[in-house]
Amino acid sequence: MEQQDLDPGVRREPSREQILLAMSTYGGSFVRQLVVLYRLGDADNQRILWSAFLHYFNEYRDLAAGR
C-alpha cells in the first residue's frame with residue numbers, strides 16, 4: 001500500500017483508464033469517439049492523440065478526480 005493511500009490528505013491523480021471512463025461517460029460524441037480511437041491505437045498513436053487533444057484529457061482528468 002502506498003503512502004498516499006494511507007493519508008486522506010494526499011490527493012491521488014486518476015489513472016488513464018479512469019480519465020477515459022469519465023470521457024466515455026460524460027463526453028459528447030466527439031470526445032467519446034476520441035476514446036474509441038485511443039483504445040484502438042497502438043502506443044505511438046495513443047501518444048499522438050494524447051498530445052493533440054491534451055485539453056480534453058486534462059478536462060476529464062479533473063472530472064475523474066472530482067475537482
# chains A, B, ... in the order shown; residues from 1 in each chain; ligands from 1
>>> residues_around(residues="Arg67 (chain A)", least_positions_apart="6", cutoff="12 Å", atoms="only C-alpha atoms", output="number ranges by chain")
A: 11-14, 58-61
>>> residues_around(residues="Gly28 (chain A)", least_positions_apart="6", cutoff="12 Å", atoms="only C-alpha atoms", output="tab-separated table (two decimals) with C-alpha atoms, in the first residue's frame")
chain	number	residue	atom	x	y	z
A	22	ALA	CA	-15.02	9.79	-17.49
A	34	LEU	CA	-11.68	10.08	-29.25
A	35	VAL	CA	-11.78	7.39	-26.54
A	56	TYR	CA	-9.77	17.22	-23.38
A	60	TYR	CA	-11.77	14.90	-17.93
>>> atom_distance(atom1="CA of Leu63 (chain A)", atom2="CA of Asp44 (chain A)")
25.7 Å
>>> select_by_dssp(residues="region 6-64 of chain A", states="alpha helix (DSSP H)", output="ChimeraX atom specification")
/A:6,16-26,29-40,43-52,54-64
>>> closest_residue(among="A:Tyr26, A:Ala64, A:His55, A:Arg16", to="Tyr38 (chain A)", atoms="only C-alpha atoms")
A:Arg16
